[in-house]
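Trainee: Just work37.pdb, nothing more (PDB, C-alpha atoms, pLDDT in the B column):
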MODEL        1
ATOM      1  CA  MET A   1     -16.391   5.629   4.413  1.00 56.00           C
ATOM      2  CA  GLU A   2     -17.246   3.869   1.173  1.00 68.00           C
ATOM      3  CA  LYS A   3     -16.780   0.118   1.270  1.00 79.00           C
ATOM      4  CA  ARG A   4     -14.645  -1.110  -1.607  1.00 90.00           C
ATOM      5  CA  LYS A   5     -14.980  -4.545  -3.162  1.00 96.00           C
ATOM      6  CA  VAL A   6     -11.229  -5.274  -3.224  1.00 98.00           C
ATOM      7  CA  SER A   7      -8.597  -4.311  -0.678  1.00 98.00           C
ATOM      8  CA  ILE A   8      -5.085  -4.343  -2.107  1.00 98.00           C
ATOM      9  CA  VAL A   9      -2.537  -4.677   0.687  1.00 98.00           C
ATOM     10  CA  MET A  10       1.114  -3.801   0.320  1.00 98.00           C
ATOM     11  CA  ALA A  11       4.014  -3.630   2.739  1.00 98.00           C
ATOM     12  CA  VAL A  12       7.111  -1.721   1.753  1.00 98.00           C
ATOM     13  CA  TYR A  13      10.550  -1.182   3.259  1.00 98.00           C
ATOM     14  CA  ASN A  14      13.070   1.056   1.485  1.00 98.00           C
ATOM     15  CA  GLY A  15      11.219   0.706  -1.795  1.00 98.00           C
ATOM     16  CA  GLU A  16      11.949   4.085  -3.361  1.00 98.00           C
ATOM     17  CA  LYS A  17      13.319   2.489  -6.535  1.00 98.00           C
ATOM     18  CA  TYR A  18       9.998   0.909  -7.595  1.00 97.00           C
ATOM     19  CA  ILE A  19       7.196   2.184  -5.375  1.00 98.00           C
ATOM     20  CA  LYS A  20       6.093   5.050  -7.636  1.00 98.00           C
ATOM     21  CA  GLU A  21       5.794   2.784 -10.665  1.00 97.00           C
ATOM     22  CA  THR A  22       3.989   0.121  -8.631  1.00 98.00           C
ATOM     23  CA  ILE A  23       1.394   2.540  -7.259  1.00 98.00           C
ATOM     24  CA  GLU A  24       0.856   4.091 -10.691  1.00 98.00           C
ATOM     25  CA  SER A  25       0.284   0.640 -12.158  1.00 97.00           C
ATOM     26  CA  ILE A  26      -2.414  -0.105  -9.588  1.00 97.00           C
ATOM     27  CA  LEU A  27      -4.146   3.255  -9.971  1.00 98.00           C
ATOM     28  CA  GLU A  28      -4.209   2.962 -13.776  1.00 97.00           C
ATOM     29  CA  GLN A  29      -6.226  -0.276 -13.786  1.00 96.00           C
ATOM     30  CA  ASN A  30      -9.602  -0.215 -15.544  1.00 97.00           C
ATOM     31  CA  TYR A  31     -11.252  -1.680 -12.444  1.00 96.00           C
ATOM     32  CA  ASP A  32     -11.479   0.980  -9.777  1.00 94.00           C
ATOM     33  CA  ASN A  33     -13.624  -0.418  -6.951  1.00 97.00           C
ATOM     34  CA  PHE A  34     -10.623  -0.997  -4.712  1.00 97.00           C
ATOM     35  CA  GLU A  35      -8.698   0.474  -1.849  1.00 98.00           C
ATOM     36  CA  LEU A  36      -4.915   0.366  -1.663  1.00 98.00           C
ATOM     37  CA  ILE A  37      -3.556   0.007   1.850  1.00 98.00           C
ATOM     38  CA  ILE A  38       0.181   0.591   2.043  1.00 98.00           C
ATOM     39  CA  VAL A  39       2.180  -0.047   5.204  1.00 98.00           C
ATOM     40  CA  ASP A  40       5.553   1.677   5.214  1.00 98.00           C
ATOM     41  CA  ASP A  41       7.699  -0.517   7.443  1.00 98.00           C
ATOM     42  CA  CYS A  42       9.841   2.310   8.822  1.00 98.00           C
ATOM     43  CA  SER A  43      11.703   2.940   5.570  1.00 98.00           C
ATOM     44  CA  GLU A  44      14.954   4.867   5.772  1.00 98.00           C
ATOM     45  CA  ASP A  45      14.848   6.225   2.221  1.00 98.00           C
ATOM     46  CA  GLU A  46      12.325   8.418   0.362  1.00 98.00           C
ATOM     47  CA  THR A  47       9.634   5.730   0.188  1.00 98.00           C
ATOM     48  CA  ILE A  48       7.151   7.444   2.506  1.00 97.00           C
ATOM     49  CA  ASN A  49       7.490  10.783   0.684  1.00 98.00           C
ATOM     50  CA  ILE A  50       6.881   9.109  -2.664  1.00 98.00           C
ATOM     51  CA  ILE A  51       3.794   7.343  -1.321  1.00 98.00           C
ATOM     52  CA  LYS A  52       2.430  10.550   0.201  1.00 97.00           C
ATOM     53  CA  SER A  53       2.882  12.372  -3.106  1.00 98.00           C
ATOM     54  CA  PHE A  54      -0.150  10.496  -4.463  1.00 98.00           C
ATOM     55  CA  ASP A  55      -3.466  12.270  -3.970  1.00 98.00           C
ATOM     56  CA  ASP A  56      -6.030   9.508  -4.394  1.00 98.00           C
ATOM     57  CA  ASN A  57      -8.815   8.735  -1.949  1.00 96.00           C
ATOM     58  CA  ARG A  58      -8.414   5.004  -2.602  1.00 97.00           C
ATOM     59  CA  ILE A  59      -4.992   5.029  -0.904  1.00 98.00           C
ATOM     60  CA  THR A  60      -4.544   4.577   2.834  1.00 98.00           C
ATOM     61  CA  VAL A  61      -1.019   4.915   4.213  1.00 98.00           C
ATOM     62  CA  LEU A  62       0.051   3.387   7.506  1.00 98.00           C
ATOM     63  CA  HIS A  63       3.517   3.841   8.970  1.00 98.00           C
ATOM     64  CA  ASN A  64       5.280   1.512  11.388  1.00 98.00           C
ATOM     65  CA  GLU A  65       7.348   3.354  13.979  1.00 97.00           C
ATOM     66  CA  LYS A  66       9.950   0.597  13.847  1.00 98.00           C
ATOM     67  CA  ASN A  67      10.708  -2.112  11.313  1.00 98.00           C
ATOM     68  CA  MET A  68       8.265  -4.939  12.029  1.00 98.00           C
ATOM     69  CA  ARG A  69       8.920  -7.070   8.912  1.00 98.00           C
ATOM     70  CA  LEU A  70       6.641  -8.315   6.180  1.00 98.00           C
ATOM     71  CA  ALA A  71       4.126 -10.583   7.946  1.00 98.00           C
ATOM     72  CA  TYR A  72       3.312  -8.031  10.652  1.00 98.00           C
ATOM     73  CA  SER A  73       2.948  -5.226   8.111  1.00 98.00           C
ATOM     74  CA  LEU A  74       0.669  -7.231   5.824  1.00 98.00           C
ATOM     75  CA  ASN A  75      -1.489  -8.285   8.769  1.00 98.00           C
ATOM     76  CA  ARG A  76      -1.732  -4.649   9.824  1.00 98.00           C
ATOM     77  CA  ALA A  77      -2.906  -3.705   6.333  1.00 98.00           C
ATOM     78  CA  ILE A  78      -5.487  -6.500   6.365  1.00 98.00           C
ATOM     79  CA  GLU A  79      -6.786  -5.297   9.744  1.00 98.00           C
ATOM     80  CA  HIS A  80      -7.482  -1.889   8.155  1.00 97.00           C
ATOM     81  CA  SER A  81      -9.094  -3.311   5.026  1.00 97.00           C
ATOM     82  CA  THR A  82     -12.781  -2.934   4.259  1.00 95.00           C
ATOM     83  CA  GLY A  83     -13.011  -4.925   1.041  1.00 96.00           C
ATOM     84  CA  ILE A  84     -14.810  -8.174   0.452  1.00 96.00           C
ATOM     85  CA  TYR A  85     -11.695  -9.571  -1.219  1.00 98.00           C
ATOM     86  CA  ILE A  86      -8.009  -9.142  -0.327  1.00 98.00           C
ATOM     87  CA  ALA A  87      -5.315  -8.866  -2.979  1.00 98.00           C
ATOM     88  CA  ARG A  88      -1.628  -8.716  -2.128  1.00 98.00           C
ATOM     89  CA  MET A  89       0.851  -6.649  -4.074  1.00 97.00           C
ATOM     90  CA  ASP A  90       4.598  -6.362  -3.573  1.00 96.00           C
ATOM     91  CA  ALA A  91       6.135  -2.917  -3.671  1.00 94.00           C
ATOM     92  CA  ASP A  92       8.475  -3.901  -6.504  1.00 90.00           C
ATOM     93  CA  ASP A  93       5.974  -5.674  -8.767  1.00 80.00           C
TER
ENDMDL
END
Could I get this file's structure written as C-alpha cells?
Mentor:
Amino acid sequence: MEKRKVSIVMAVYNGEKYIKETIESILEQNYDNFELIIVDDCSEDETINIIKSFDDNRITVLHNEKNMRLAYSLNRAIEHSTGIYIARMDADD
C-alpha cells in the first residue's frame, strides 16, 4: 500500500445532507498526496451508501457496528492512517 503524506480523518453520523459535497471538495483539491479515512458511526440514513458511491483509491471507509461517538471514531481513523501528517475534516464542512 502506498504511503500518503497526509491522512485526512473524518467521522460521520447521519451526514447524508452534506457528505457528498464534503468528499467532492476534498477530492477536487490540487494537492493529491493524501488518503481520506472516513468512519461511518453507524448512520441510520443514506450516509454509508453515499460514501461507498465514490470510487477513489485514496478513500478508506470504516463502519462502526454501533454508534461510538466522535472521539472514538476519530481515534479509529487515526489508527488506520498511514500519513506523516493528520488533518481532521468534519462531514459537514
Trainee: Rank A:Tyr72, A:Lys3, A:Asp41, A:Asp90 by their smallest atom-to-atom distance to Thr22 of chain A, using only C-alpha atoms, and report the top residue only.
Mentor: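 The answer is A:Asp90, which sits nearest to Thr22 of chain A.
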Trainee: Using Å and a single decimal, report how far atom CA of Ile26 of chain A sits from atom CA of Leu74 of chain A.
Mentor: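 So the answer is 17.3 Å.
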Trainee: Using only C-alpha atoms, determine which residues lie at most 9 Å from Ser81 of chain A, disregarding the query and same-chain residues fewer than 3 positions distant; provide the list as number ranges by chain.
Mentor: A: 4, 6-9, 35-37, 76-78, 84, 86
Trainee: How many Å separate atom CA of Lys17 of chain A from atom CA of Glu44 of chain A?
Mentor: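 Here the two named atoms are 12.6 Å from each other.
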Trainee: Which of these residues is nearest to Lys52 of chain A, using only C-alpha atoms: A:Arg88, A:Lys5, A:Lys20, A:Lys66?
Mentor: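 Comparing A:Arg88, A:Lys5, A:Lys20, A:Lys66 against Lys52 of chain A, the winner is A:Lys20.
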Trainee: Under the PyMOL selection byres ((chain A and resi 91) around 9), which residues of this model are included? Write them out as a VMD selection string.
Mentor: chain A and resid 10 to 13 15 18 to 20 22 to 23 38 89 to 90 92 to 93
Trainee: Given the point (7.1, 7.9, 1.8) in the coordinates of this file, which residues lie within 10 Å, counting only C-alpha atoms, and how would they look as a PDB file with C-alpha atoms, keeping the file's coordinate frame?
Mentor:
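Output file selection_16.pdb follows:
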ATOM      1  CA  VAL A  12       7.111  -1.721   1.753  1.00 98.00           C
ATOM      2  CA  TYR A  13      10.550  -1.182   3.259  1.00 98.00           C
ATOM      3  CA  ASN A  14      13.070   1.056   1.485  1.00 98.00           C
ATOM      4  CA  GLY A  15      11.219   0.706  -1.795  1.00 98.00           C
ATOM      5  CA  GLU A  16      11.949   4.085  -3.361  1.00 98.00           C
ATOM      6  CA  ILE A  19       7.196   2.184  -5.375  1.00 98.00           C
ATOM      7  CA  LYS A  20       6.093   5.050  -7.636  1.00 98.00           C
ATOM      8  CA  VAL A  39       2.180  -0.047   5.204  1.00 98.00           C
ATOM      9  CA  ASP A  40       5.553   1.677   5.214  1.00 98.00           C
ATOM     10  CA  CYS A  42       9.841   2.310   8.822  1.00 98.00           C
ATOM     11  CA  SER A  43      11.703   2.940   5.570  1.00 98.00           C
ATOM     12  CA  GLU A  44      14.954   4.867   5.772  1.00 98.00           C
ATOM     13  CA  ASP A  45      14.848   6.225   2.221  1.00 98.00           C
ATOM     14  CA  GLU A  46      12.325   8.418   0.362  1.00 98.00           C
ATOM     15  CA  THR A  47       9.634   5.730   0.188  1.00 98.00           C
ATOM     16  CA  ILE A  48       7.151   7.444   2.506  1.00 97.00           C
ATOM     17  CA  ASN A  49       7.490  10.783   0.684  1.00 98.00           C
ATOM     18  CA  ILE A  50       6.881   9.109  -2.664  1.00 98.00           C
ATOM     19  CA  ILE A  51       3.794   7.343  -1.321  1.00 98.00           C
ATOM     20  CA  LYS A  52       2.430  10.550   0.201  1.00 97.00           C
ATOM     21  CA  SER A  53       2.882  12.372  -3.106  1.00 98.00           C
ATOM     22  CA  PHE A  54      -0.150  10.496  -4.463  1.00 98.00           C
ATOM     23  CA  VAL A  61      -1.019   4.915   4.213  1.00 98.00           C
ATOM     24  CA  HIS A  63       3.517   3.841   8.970  1.00 98.00           C
TER      25      HIS A  63
END
Trainee: Would you please work out which residue, of A:Leu62, A:Asn57, A:Ser25, A:Asp32, is nearest to Glu79 of chain A when using all atoms listed in the file?
Mentor: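 The shortest atom-to-atom distance to Glu79 of chain A comes from A:Leu62.
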Trainee: Quick one: of A:Glu28, A:Arg69, A:Asn64, A:Phe34, who's nearest to Ala87 of chain A, counting all atoms listed in the file?
Mentor: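 Among the listed residues, A:Phe34 lies closest to Ala87 of chain A.
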Trainee: Please measure the separation of atom CA of Leu27 of chain A and atom CA of Arg58 of chain A, giving the value in Å to one decimal.
Mentor: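 So the answer is 8.7 Å.
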Trainee: Could you check which of A:His80, A:Glu21, A:Asn75, A:Asn30 is closest to Ile59 of chain A, using all atoms listed in the file?
Mentor: A:His80
